[in-house]
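J.: This structure is in structure tokens; I'll ask about it shortly.
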Amino acid sequence: MAAVASAARWLFSLRAAGAERHWRRLCGAGLARGFLHPTVTGEDAAQRRQVAHFTFQPDPEPREYGQTQKMNLFQSITSALDNSLAKDPTAVIFGEDVAFGGVFRCTVGLRDKYGKDRVFNTPLCEQGIVGFGIGIAVTGATAIAEIQFADYIFPAFDQIVNEAAKYRYRSGDLFNCGSLTIRSPWGCVGHGALYHSQSPEAFFAHCPGIKVVIPRSPFQAKGLLLSCIEDKNPCIFFEPKILYRAAVEQVPVESYNIPLSQAEVIQEGSDVTLVAWGTQVHVIREVASMAKEKLGVSCEIIDLRTIIPWDVDTVCKSKESIL
Amino acid sequence: MKNMPAALVSRVLRRIAQKSARRVPVASCNYSNDATFEIKECDLYLLEEGPPVTTVLTREEGLKYYRMMLTVRRMELKADQLYKQKFIRGFCHLCDGQEACCVGIEAGIKPSDHVITSYRAHGTCYTRGISVRSILAELTGRRGGCAKGKGGSMHMYTKNFYGGNGIVGAQGPLGAGIALACKYKGNDEICLTLYGDGAANQGQIAEAFNMAALWKLPCVFICENNLYGMGTSNERAAASTDYYKRGNFIPGLKVDGMDVLCVREATKFAGDYCRSGKGPIVMELQTYRYHGHSMSDPGMSYRTREEIQDIRSKRDPITLLQDRMVNSKLTTVEELKEIGAEVRKEIDDAAQFATTDPEPHLEELGHHIYSSDPSFEVRGANPWIKFKSIS
């Protein structure tokens with residue numbers, strides 16, 4: 001494992017060095033300005049805003065899971081939660097304002113369908129929400145907690161890292177909180193500023209015992225969320241909030257699973273590998289097509305999907321094929 | 001020639017009248033200098049006696065409070081307008097309806113006292129001394145803003161005012177810390193830590209209570225109870241809605257937060273309590289916000305239009321003060337209308353500034369992340385974009 005990791009590191013640095021040489025050539029050619037540097041705001045800046053641009057690119061309609069329906073990201077989340085509550089009688093959903101449907105409408109209709117003892121609001125206390133969720137999970141029930149924005153997850157950081165992640169280990173497998181899933185809207189929207197834009201997956205990426213998953217699209221989101229809920233380890237599921245309405249795809253109505261810790265090669269290529277997750281996958285797709293068009297560079301795109309434990313093999317195999 | 005003295009006198013009088021154009025012409029000055037009002041008695045917790053039930057309001061004070069409350073009200077409505085015109089982006093939490101809280105608190109403390117609150121802060125920013133221009137320019141993200149255009153609605157600061165904090169409840173321990181500094185320095189200053197009814201359920205507030213009581217910190221914890229934590233009403237979020245009792249071992253006061261005089265007297269009482277070294281005290285201000293939680297919230301899905309109208313007609317803080325002052329002859333409706341016109345002009349000028357001031361330079365994007373000499377280089381969206389962090 002360590003050998004693989006160090007091999008991966010060497011390969012990355014090689015690639016990075018190559019890429020940097022390439023980049024310096026670009027800078028010299030003055031092409032870089034047009035590509036990636038933000039334009040300097042001019043006198044009429046008052047009304048112009050610099051917002052990171054991307055276009056959501058839907059995947060082709062999946063055929064192997066039965067009937068599909070057009071859904072956006074928050075509808076696919078609702079569908080996943082609906083399937084979970086139907087299948088698992090011990091499943092409960094709780095968080096701030098989830099009862100009326102949630103601030104992003106992810107839980108619309110669930111309280112009416114499953115009752116107020118299965119979908120309920122909590123007071124304003126993230127630490128309490130996660131701690132409470134751990135307690136529910138320890139007794140064997142399925143707890144699906146919502147943290148209203150990923151930026152608010154920090155009061156719960158201690159509960160996640162010190163309590164949830166280590167429960168199985170420190171009790172010698174006598175207890176575990178594997179049936180806990182924490183869902184949270186994640187990532188920038190352009191106007192969220194300090195407390196509605198953060199992407200905190202890196203803080204959790206070094207904590208053994210939990211899984212962190214970030215989908216790129218409605219189809220991926222439903223499958224990955226269902227896998228997180230059914231996974232026997234505590235999972236954190238970050239939902240890119242900018243995609244809630246912007247991402248529309250055909251998503252199967254029945255439940256299905258997308259395996260965790262498996263990265264997906266979205267596009268094959270031979271010159272450089274680009275690894276991304278969440279919203280950035282769509283930015284990278286555009287970058288890859290620009291690179292192909294303007295520089296003749298063939299990019300391989302990997303959607304990491306699970307941040308921890310991450311799919312080392314797929315990424316390394318991608319490197320090996322170039323050499 | 002005979003008319004000369006008369007003409008002279010009239011010219012002199014006219015000049016006097018022009019000079020004091022803002023003040024009432026000498027001829028019709030029939031105002032009383034002050035008046036005594038009865039105010040609602042505060043509910044007490046762990047206290048033998050509370051703030052007085054009558055208070056004296058001078059004409060000068062009354063006009064000052066009226067002007068301040070009206071400025072806050074108009075400023076919030078202007079912010080509403082600018083948000084809908086997309087000059088203000090992001091999130092905007094307005095406090096119209098809660099003017100008596102910020103103005104009353106300011107009236108009860110000294111400028112050298114310290115205040116910290118959470119994000120519904122525009123009113124407190126103004127009462128603590130930031131000009132309307134600076135506030136609106138900060139909302140629109142311009143150079144002239146009080147945080148140089150980098151903070152926005154939730155992050156405005158000035159001397160002895162520590163914001164403007166996004167995470168609810170996080171300002172509780174901060175306020176206790178500021179109170180510790182006051183006690184340590186021995187300068188008779190206190191810290192007022194404001195939070196909302198939603199934040200009252202956060203663990204950090206309980207931690208701050210404990211520390212403040214243990215070390216007898218001069219901290220006034222003020223819960224602005226506007227009945228709703230975003231969209232959740234108090235009963236659905238709190239096991240006990242007696243927020244003034246939630247300090248448990250800390251004495252508390254329940255105050256009518258729509259009456260600026262009530263808030264003033266309670267704040268003075270609480271301030272004196274802390275300054276005498278008895279430790280912290282909790283104040284619950286019963287108030288109401290007309291707007292929704294933020295500009296993205298219409299505010300109608302969890303409360304009725306009738307409820308809002310009811311409060312507006314019966315308990316509006318500005319109307320309350322206006323009626324009191326006019327009925328006791330401290331002022332006239334015309335004088336208040338004049339003040340209204342001046343306030344409107346001030347707000348319009350400020351809005352004009354806020355929409356035309358340039359945005360900060362792009363080079364300043366990384367400033368003030370770190371304080372370091374030589375300047376620290378912060379990575380941008382890719383490893384080859386670097387911003388200098390000069391501070």
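Letters A, B, ... mark the chains of the structure tokens in the order given; residue numbers begin at 1 per chain; ligand numbers begin at 1, in order shown.
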With 6 Å as the limit and counting only C-alpha atoms, what residues in chain A lie close to chain B? Please list them as an MDAnalysis selection string.
T.: chainID A and resid 123:125 191:192
J.: Write the residues of the preceding selection, restricted to C-alpha atoms, as a PDB file, in the first residue's frame.
T.:
```pdb
ATOM      1  CA  PRO A 123     -33.282  22.884  17.193  1.00  0.00           C
ATOM      2  CA  LEU A 124     -30.313  24.923  16.049  1.00  0.00           C
ATOM      3  CA  CYS A 125     -27.433  22.770  17.300  1.00  0.00           C
ATOM      4  CA  HIS A 191     -22.812  34.648  -3.745  1.00  0.00           C
ATOM      5  CA  GLY A 192     -22.499  32.523  -0.644  1.00  0.00           C
TER       6      GLY A 192
END
```
J.: I'd like the contact shell of B:Ser328 - 9 Å cut-off, only C-alpha atoms, skipping same-chain residues fewer than 5 positions apart - returned as a ChimeraX atom specification.
T.: /B:31-32,34-36,323
J.: List the neighbours of B:Gly299 out to 10 Å using only C-alpha atoms; skip same-chain residues closer than 3 positions along the sequence, and give me the result as a PyMOL selection string.
T.: chain B and resi 228+230-231+289-296+302-305+308
J.: Keeping N, CA, C and O atoms for every residue in the selection just given, could you write it to a file as a PDB file, in the first residue's frame?
T.:
```
ATOM      1  N   TYR B 228     -39.075  33.767  15.934  1.00  0.00           N
ATOM      2  CA  TYR B 228     -38.804  32.763  14.911  1.00  0.00           C
ATOM      3  C   TYR B 228     -37.306  32.631  14.689  1.00  0.00           C
ATOM      4  O   TYR B 228     -36.614  33.633  14.506  1.00  0.00           O
ATOM      5  N   MET B 230     -35.197  31.634  11.981  1.00  0.00           N
ATOM      6  CA  MET B 230     -35.403  31.442  10.550  1.00  0.00           C
ATOM      7  C   MET B 230     -36.880  31.135  10.323  1.00  0.00           C
ATOM      8  O   MET B 230     -37.710  32.005  10.366  1.00  0.00           O
ATOM      9  N   GLY B 231     -37.249  29.866  10.101  1.00  0.00           N
ATOM     10  CA  GLY B 231     -38.663  29.584   9.879  1.00  0.00           C
ATOM     11  C   GLY B 231     -39.296  28.770  10.988  1.00  0.00           C
ATOM     12  O   GLY B 231     -40.462  28.370  10.883  1.00  0.00           O
ATOM     13  N   ARG B 289     -39.552  40.866  13.787  1.00  0.00           N
ATOM     14  CA  ARG B 289     -39.002  41.366  12.529  1.00  0.00           C
ATOM     15  C   ARG B 289     -40.082  41.290  11.453  1.00  0.00           C
ATOM     16  O   ARG B 289     -40.773  40.298  11.333  1.00  0.00           O
ATOM     17  N   TYR B 290     -40.179  42.366  10.673  1.00  0.00           N
ATOM     18  CA  TYR B 290     -41.216  42.390   9.644  1.00  0.00           C
ATOM     19  C   TYR B 290     -40.821  41.582   8.429  1.00  0.00           C
ATOM     20  O   TYR B 290     -41.629  40.909   7.818  1.00  0.00           O
ATOM     21  N   HIS B 291     -39.539  41.673   8.072  1.00  0.00           N
ATOM     22  CA  HIS B 291     -39.083  40.912   6.914  1.00  0.00           C
ATOM     23  C   HIS B 291     -38.933  39.448   7.284  1.00  0.00           C
ATOM     24  O   HIS B 291     -38.974  39.075   8.457  1.00  0.00           O
ATOM     25  N   GLY B 292     -38.720  38.617   6.296  1.00  0.00           N
ATOM     26  CA  GLY B 292     -38.422  37.219   6.570  1.00  0.00           C
ATOM     27  C   GLY B 292     -37.019  37.101   7.149  1.00  0.00           C
ATOM     28  O   GLY B 292     -36.347  38.096   7.369  1.00  0.00           O
ATOM     29  N   HIS B 293     -36.579  35.879   7.326  1.00  0.00           N
ATOM     30  CA  HIS B 293     -35.255  35.647   7.894  1.00  0.00           C
ATOM     31  C   HIS B 293     -34.185  36.375   7.080  1.00  0.00           C
ATOM     32  O   HIS B 293     -33.291  37.012   7.629  1.00  0.00           O
ATOM     33  N   SER B 294     -34.261  36.226   5.754  1.00  0.00           N
ATOM     34  CA  SER B 294     -33.332  36.955   4.890  1.00  0.00           C
ATOM     35  C   SER B 294     -34.101  37.347   3.648  1.00  0.00           C
ATOM     36  O   SER B 294     -35.287  37.054   3.537  1.00  0.00           O
ATOM     37  N   MET B 295     -33.426  37.975   2.704  1.00  0.00           N
ATOM     38  CA  MET B 295     -34.129  38.408   1.510  1.00  0.00           C
ATOM     39  C   MET B 295     -34.599  37.238   0.656  1.00  0.00           C
ATOM     40  O   MET B 295     -35.414  37.400  -0.227  1.00  0.00           O
ATOM     41  N   SER B 296     -34.050  36.031   0.903  1.00  0.00           N
ATOM     42  CA  SER B 296     -34.536  34.874   0.133  1.00  0.00           C
ATOM     43  C   SER B 296     -35.769  34.258   0.764  1.00  0.00           C
ATOM     44  O   SER B 296     -36.325  33.300   0.246  1.00  0.00           O
ATOM     45  N   TYR B 302     -44.360  30.614   7.409  1.00  0.00           N
ATOM     46  CA  TYR B 302     -44.437  30.114   8.772  1.00  0.00           C
ATOM     47  C   TYR B 302     -45.171  31.079   9.682  1.00  0.00           C
ATOM     48  O   TYR B 302     -45.244  30.887  10.885  1.00  0.00           O
ATOM     49  N   ARG B 303     -45.669  32.193   9.136  1.00  0.00           N
ATOM     50  CA  ARG B 303     -46.480  33.106   9.949  1.00  0.00           C
ATOM     51  C   ARG B 303     -47.480  33.799   9.030  1.00  0.00           C
ATOM     52  O   ARG B 303     -47.319  33.796   7.818  1.00  0.00           O
ATOM     53  N   THR B 304     -48.515  34.359   9.631  1.00  0.00           N
ATOM     54  CA  THR B 304     -49.585  34.921   8.804  1.00  0.00           C
ATOM     55  C   THR B 304     -49.353  36.412   8.578  1.00  0.00           C
ATOM     56  O   THR B 304     -48.714  37.095   9.376  1.00  0.00           O
ATOM     57  N   ARG B 305     -49.911  36.882   7.472  1.00  0.00           N
ATOM     58  CA  ARG B 305     -49.854  38.308   7.176  1.00  0.00           C
ATOM     59  C   ARG B 305     -50.543  39.110   8.285  1.00  0.00           C
ATOM     60  O   ARG B 305     -50.108  40.212   8.629  1.00  0.00           O
ATOM     61  N   ILE B 308     -48.235  39.871  11.193  1.00  0.00           N
ATOM     62  CA  ILE B 308     -47.298  40.953  10.920  1.00  0.00           C
ATOM     63  C   ILE B 308     -48.024  42.288  10.963  1.00  0.00           C
ATOM     64  O   ILE B 308     -47.549  43.256  11.568  1.00  0.00           O
TER      65      ILE B 308
END
```
J.: Do a neighbour search on B:Pro218 at 12 Å with only C-alpha atoms, toss out local chain neighbours closer than 4 positions, and write the hits as a compact mmCIF listing (two decimals) with N, CA and C atoms, in the first residue's frame.
T.:
```
# COMPACT_ATOMS: atom_id res chain seq x y z
N ASP B 113 -18.26 51.13 25.84
CA ASP B 113 -18.64 49.74 26.09
C ASP B 113 -18.56 48.95 24.78
N HIS B 114 -18.60 47.63 24.90
CA HIS B 114 -18.39 46.78 23.74
C HIS B 114 -19.67 46.03 23.38
N GLY B 175 -17.99 37.06 23.20
CA GLY B 175 -18.44 38.16 24.06
C GLY B 175 -17.95 37.96 25.48
N ALA B 176 -17.97 36.72 25.96
CA ALA B 176 -17.47 36.45 27.30
C ALA B 176 -15.99 36.80 27.39
N GLY B 177 -15.27 36.53 26.32
CA GLY B 177 -13.85 36.87 26.29
C GLY B 177 -13.60 38.36 26.34
N ILE B 178 -14.41 39.09 25.58
CA ILE B 178 -14.27 40.55 25.60
C ILE B 178 -14.57 41.07 27.01
N ALA B 179 -15.57 40.48 27.66
CA ALA B 179 -15.91 40.90 29.03
C ALA B 179 -14.75 40.60 29.97
N LEU B 180 -14.09 39.47 29.74
CA LEU B 180 -12.92 39.14 30.57
C LEU B 180 -11.85 40.22 30.42
N ALA B 181 -11.63 40.66 29.18
CA ALA B 181 -10.63 41.70 28.94
C ALA B 181 -11.01 42.98 29.68
N CYS B 182 -12.31 43.30 29.66
CA CYS B 182 -12.77 44.51 30.36
C CYS B 182 -12.49 44.41 31.84
N LYS B 183 -12.81 43.22 32.40
CA LYS B 183 -12.60 43.04 33.84
C LYS B 183 -11.11 43.10 34.16
N TYR B 184 -10.32 42.47 33.29
CA TYR B 184 -8.87 42.42 33.50
C TYR B 184 -8.26 43.81 33.47
N LYS B 185 -8.73 44.61 32.51
CA LYS B 185 -8.17 45.96 32.38
C LYS B 185 -8.72 46.90 33.44
N GLY B 186 -9.82 46.52 34.07
CA GLY B 186 -10.38 47.32 35.15
C GLY B 186 -10.84 48.69 34.72
N ASN B 187 -11.43 48.79 33.53
CA ASN B 187 -11.79 50.12 33.03
C ASN B 187 -13.29 50.38 33.07
N ASP B 188 -14.02 49.62 33.88
CA ASP B 188 -15.45 49.87 34.08
C ASP B 188 -16.25 49.71 32.78
N GLU B 189 -15.69 48.96 31.84
CA GLU B 189 -16.44 48.74 30.60
C GLU B 189 -17.13 47.39 30.68
N ILE B 190 -18.20 47.25 29.92
CA ILE B 190 -18.91 45.97 29.89
C ILE B 190 -19.03 45.52 28.45
N CYS B 191 -19.40 44.25 28.29
CA CYS B 191 -19.61 43.75 26.94
C CYS B 191 -21.05 43.25 26.82
N LEU B 192 -21.73 43.68 25.76
CA LEU B 192 -23.09 43.20 25.52
C LEU B 192 -23.03 42.18 24.39
N THR B 193 -23.43 40.98 24.71
CA THR B 193 -23.37 39.88 23.74
C THR B 193 -24.79 39.56 23.29
N PHE B 209 -22.27 31.10 29.16
CA PHE B 209 -22.95 31.40 30.42
C PHE B 209 -22.13 30.90 31.60
N MET B 211 -18.92 30.13 31.85
CA MET B 211 -17.65 30.83 32.08
C MET B 211 -17.90 32.21 32.66
N ALA B 212 -18.89 32.91 32.13
CA ALA B 212 -19.14 34.27 32.59
C ALA B 212 -19.58 34.28 34.05
N ALA B 213 -20.40 33.30 34.43
CA ALA B 213 -20.89 33.26 35.82
C ALA B 213 -19.77 32.83 36.76
N LEU B 214 -18.98 31.88 36.30
CA LEU B 214 -17.90 31.35 37.15
C LEU B 214 -16.91 32.44 37.50
N ILE B 250 -27.75 32.43 36.24
CA ILE B 250 -27.51 33.85 35.97
C ILE B 250 -28.84 34.58 36.03
N ALA B 270 -29.03 46.69 33.63
CA ALA B 270 -28.14 45.55 33.44
C ALA B 270 -26.69 46.01 33.46
N GLY B 271 -26.42 47.15 32.82
CA GLY B 271 -25.06 47.68 32.80
C GLY B 271 -24.57 47.99 34.21
N ASP B 272 -25.43 48.63 35.02
CA ASP B 272 -25.02 48.95 36.38
C ASP B 272 -24.76 47.68 37.18
N TYR B 273 -25.61 46.68 36.95
CA TYR B 273 -25.45 45.39 37.64
C TYR B 273 -24.06 44.81 37.35
N CYS B 274 -23.69 44.81 36.07
CA CYS B 274 -22.39 44.23 35.70
C CYS B 274 -21.24 45.08 36.22
N ARG B 275 -21.39 46.39 36.08
CA ARG B 275 -20.29 47.27 36.48
C ARG B 275 -20.02 47.18 37.98
N SER B 276 -21.04 46.80 38.76
CA SER B 276 -20.81 46.70 40.20
C SER B 276 -20.11 45.41 40.58
N GLY B 277 -19.75 44.61 39.59
CA GLY B 277 -18.95 43.42 39.86
C GLY B 277 -19.75 42.20 40.26
N LYS B 278 -21.07 42.23 40.05
CA LYS B 278 -21.89 41.10 40.48
C LYS B 278 -21.85 39.96 39.46
N GLY B 279 -21.27 40.22 38.29
CA GLY B 279 -21.20 39.12 37.32
C GLY B 279 -22.14 39.35 36.16
N PRO B 280 -22.40 38.30 35.36
CA PRO B 280 -23.19 38.49 34.15
C PRO B 280 -24.68 38.57 34.46
N ILE B 281 -25.44 39.00 33.44
CA ILE B 281 -26.89 39.06 33.55
C ILE B 281 -27.47 38.79 32.17
N VAL B 282 -28.65 38.19 32.14
CA VAL B 282 -29.28 37.86 30.86
C VAL B 282 -30.47 38.78 30.65
```
J.: Can you tell me, as an NGL selection string, what residues are no more than 12 Å from A:Asp158 when counting only C-alpha atoms, ignoring any on the same chain fewer than 3 positions away?
T.: :A and (126-128 or 130-131 or 153-155 or 161-166 or 203-204 or 207)
J.: For the helix (DSSP H, G or I) assignment from backbone DSSP, which residues of stretch 98-321 of chain B qualify? Please present them as a VMD selection string.
T.: chain B and resid 99 to 108 122 to 127 132 to 139 171 to 185 199 to 201 203 to 214 234 to 237 243 to 245 260 to 275 305 to 315 317 to 321
J.: Apply DSSP to the structure's backbone, then extract all residues of stretch 29-183 of chain A labelled strand (DSSP E or B) and return them as a list in words.
T.: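 Of stretch 29-183 of chain A, the ones in strand (DSSP E or B) are Thr68, Gln69, Lys70, Met71, Asn72, Val92, Ile93, Phe94, Gly95, Val119, Phe120, Asn121, Ala143, Ile144, Ala145, Glu146, Leu180, Thr181, Ile182 and Arg183 of chain A.
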J.: With only C-alpha atoms as the basis for distance, which of A:Val281, A:Leu304, A:Ala91, A:Cys299 is at the shortest distance from A:Glu268?
T.: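 Comparing A:Val281, A:Leu304, A:Ala91, A:Cys299 against A:Glu268, the winner is A:Cys299.
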J.: Please determine, counting only C-alpha atoms, which residue among B:Ser240, B:Gln309, B:Gln286, B:Thr71 has the shortest atom-to-atom distance to B:Asn226.
T.: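 With only C-alpha atoms as the atom set, the closest residue is B:Gln286.
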J.: Compile the contact shell of B:Glu346 as an MDAnalysis selection string: residues with an atom at most 12 Å away, counting only C-alpha atoms, same-chain residues fewer than 2 positions apart removed.
T.: chainID B and resid 67:68 70:72 74:75 78 131:133 136 339:344 348:353
J.: Could the residues in this selection be written to a file with N, CA and C atoms, as a CSV table (one decimal), in the first residue's frame?
T.:
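Result file follows (again_35.csv):
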```csv
chain,number,residue,atom,x,y,z
B,67,ARG,N,-34.9,59.8,15.3
B,67,ARG,CA,-34.1,59.9,14.1
B,67,ARG,C,-33.3,58.7,13.8
B,68,MET,N,-32.7,58.1,14.9
B,68,MET,CA,-31.9,56.9,14.8
B,68,MET,C,-32.8,55.7,14.3
B,70,LEU,N,-35.6,55.8,12.8
B,70,LEU,CA,-36.1,56.0,11.4
B,70,LEU,C,-35.0,55.8,10.4
B,71,THR,N,-33.8,56.2,10.8
B,71,THR,CA,-32.7,55.9,9.8
B,71,THR,C,-32.5,54.4,9.7
B,72,VAL,N,-32.5,53.7,10.7
B,72,VAL,CA,-32.4,52.2,10.6
B,72,VAL,C,-33.5,51.7,9.8
B,74,ARG,N,-35.4,53.1,7.5
B,74,ARG,CA,-35.3,53.5,6.1
B,74,ARG,C,-34.1,52.8,5.4
B,75,MET,N,-33.0,52.6,6.2
B,75,MET,CA,-31.8,52.0,5.6
B,75,MET,C,-32.1,50.6,5.3
B,78,LYS,N,-34.2,50.5,2.2
B,78,LYS,CA,-33.4,50.8,1.0
B,78,LYS,C,-32.6,49.6,0.7
B,131,SER,N,-21.4,55.0,9.5
B,131,SER,CA,-22.4,55.8,8.8
B,131,SER,C,-23.2,55.0,7.8
B,132,VAL,N,-24.4,55.5,7.4
B,132,VAL,CA,-25.2,54.8,6.5
B,132,VAL,C,-24.5,54.5,5.2
B,133,ARG,N,-23.7,55.5,4.8
B,133,ARG,CA,-22.9,55.3,3.5
B,133,ARG,C,-22.1,54.1,3.6
B,136,LEU,N,-24.2,50.8,3.6
B,136,LEU,CA,-24.7,50.5,2.3
B,136,LEU,C,-23.6,50.1,1.3
B,339,ILE,N,-37.8,65.7,10.1
B,339,ILE,CA,-36.8,64.7,10.3
B,339,ILE,C,-36.8,63.6,9.3
B,340,GLY,N,-38.1,63.2,9.0
B,340,GLY,CA,-38.2,62.1,8.1
B,340,GLY,C,-37.7,62.5,6.7
B,341,ALA,N,-37.9,63.7,6.3
B,341,ALA,CA,-37.4,64.2,5.0
B,341,ALA,C,-35.9,64.2,5.0
B,342,GLU,N,-35.3,64.6,6.1
B,342,GLU,CA,-33.8,64.7,6.2
B,342,GLU,C,-33.2,63.3,6.1
B,343,VAL,N,-33.9,62.4,6.8
B,343,VAL,CA,-33.4,61.0,6.9
B,343,VAL,C,-33.5,60.4,5.5
B,344,ARG,N,-34.6,60.7,4.8
B,344,ARG,CA,-34.8,60.1,3.4
B,344,ARG,C,-33.7,60.6,2.5
B,348,ASP,N,-30.9,58.3,0.6
B,348,ASP,CA,-30.8,58.4,-0.8
B,348,ASP,C,-29.4,58.7,-1.2
B,349,ASP,N,-28.7,59.7,-0.5
B,349,ASP,CA,-27.3,60.0,-0.8
B,349,ASP,C,-26.5,58.8,-0.6
B,350,ALA,N,-26.7,58.1,0.5
B,350,ALA,CA,-25.9,56.9,0.8
B,350,ALA,C,-26.1,55.8,-0.3
B,351,ALA,N,-27.3,55.7,-0.7
B,351,ALA,CA,-27.5,54.6,-1.7
B,351,ALA,C,-26.9,55.0,-3.0
B,352,GLN,N,-26.9,56.3,-3.3
B,352,GLN,CA,-26.2,56.8,-4.5
B,352,GLN,C,-24.7,56.5,-4.5
B,353,PHE,N,-24.2,56.7,-3.3
B,353,PHE,CA,-22.7,56.5,-3.1
B,353,PHE,C,-22.5,55.0,-3.2
```
J.: Can you tell me which residues surround stretch 211-228 of chain A at a distance of at most 6 Å, considering only C-alpha atoms, apart from same-chain residues fewer than 4 positions away, and format the answer as a list in words?
T.: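 Here the qualifying residues turn out to be Asn72, Leu73, Ser76, Ile77, Ala80, Cys235, Ile236, Phe237, Phe238, Val251, Tyr256, Asn257, Ile258, Gly278, Thr279, Arg305, Thr306, Ile307 and Ile308 of chain A.
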J.: Hey, can you check how far atom CA of B:Glu306 sits from atom CA of B:Tyr288?
T.: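 Computing it gives 13.6 Å between the two atoms.
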